[in-house]
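Heads up: the structure comes next, in structure tokens.
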Amino acid sequence: MLVVNFLLLAAVLFCIGVYGVIARRNAVLVLMSIELILNSVNINLIAFSLMHGSVDGQVFALYVIAVAAAEVGVGLAMVLMIYRNRKSIALDELSEMSG
């Protein structure tokens, strides 16, 4: 397969993720959209790594996976605490929490 195919897949995943972050009001769906964005970055890193014949992109992809796992843990903990206090995880209602 050509590198262009992987880059096209990554671009589609990135666009879906950005749309999900902008359009969704549910905090869990926003976290899932951020995961899509990070997965598209991983595909790009691995595609360029294979194209250049080095393992640097694959090593960076492992770091991105570790950061994504930490983000899921912290993000879901925050969502659970917000749900416990507010009984809703709608992001529109979080602006009322300031002050």
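By convention here, the chains of the structure tokens are called A, B, ... in the order presented, each chain's residues are numbered starting at 1, and ligands are numbered starting at 1 in the order presented.
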
Can you pull out every residue from chain A that DSSP, working from the backbone, puts in alpha helix (DSSP H), and format the result as a ChimeraX atom specification?
/A:3-23,27-52,56-86

Would you tabulate, counting only C-alpha atoms, all residues of segment 47-99 of chain A that have an atom at most 10 Å from an atom of segment 3-26 of chain A, showing the closest pair of atoms and their distance in Å to one decimal, sorted by chain then ascending number, as a Markdown table?
| residue | atom | partner | partner_atom | distance |
| --- | --- | --- | --- | --- |
| A:Ala47 | CA | A:Val3 | CA | 6.1 |
| A:Phe48 | CA | A:Val3 | CA | 7.6 |
| A:Leu50 | CA | A:Val3 | CA | 8.5 |
| A:Met51 | CA | A:Val3 | CA | 7.1 |
| A:Val79 | CA | A:Asn26 | CA | 9.8 |
| A:Ser88 | CA | A:Asn26 | CA | 9.0 |
| A:Ile89 | CA | A:Asn26 | CA | 6.0 |
| A:Ala90 | CA | A:Asn26 | CA | 4.9 |
| A:Leu91 | CA | A:Arg25 | CA | 5.2 |
| A:Asp92 | CA | A:Arg25 | CA | 6.6 |
| A:Glu93 | CA | A:Arg25 | CA | 9.5 |

Give me, please, the distance in Å between atom CA of Ile65 of chain A and atom CA of Glu35 of chain A, quoted to one decimal.
9.5 Å

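Neighbours of segment 55-58 of chain A closer than or equal to 7 Å, with only C-alpha atoms counted and sequence neighbours fewer than 4 positions away skipped, come out as Leu45, Ile46, Phe48, Ser49 and Leu62 of chain A.
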
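Among the candidates A:Ala27, A:Val67, A:Phe60, A:Met1, the residue lying nearest to Leu80 of chain A is A:Ala27 (atoms considered: only C-alpha atoms).
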
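Rounded to one decimal, atom CA of Met81 of chain A and atom CA of Ala68 of chain A lie 19.8 Å from each other.
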
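Interatomic distance, atom CA of Ala61 of chain A to atom CA of Leu36 of chain A: 13.7 Å.
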
Counting only C-alpha atoms, the residue of A:Glu71, A:Ile82, A:Val59, A:Ser54 that sits nearest Leu38 of chain A
A:Glu71

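You can rank A:Leu2, A:Ala70, A:Met78, A:Val41 by their closest distance to Val28 of chain A using only C-alpha atoms, and at the top of that list sits A:Met78.
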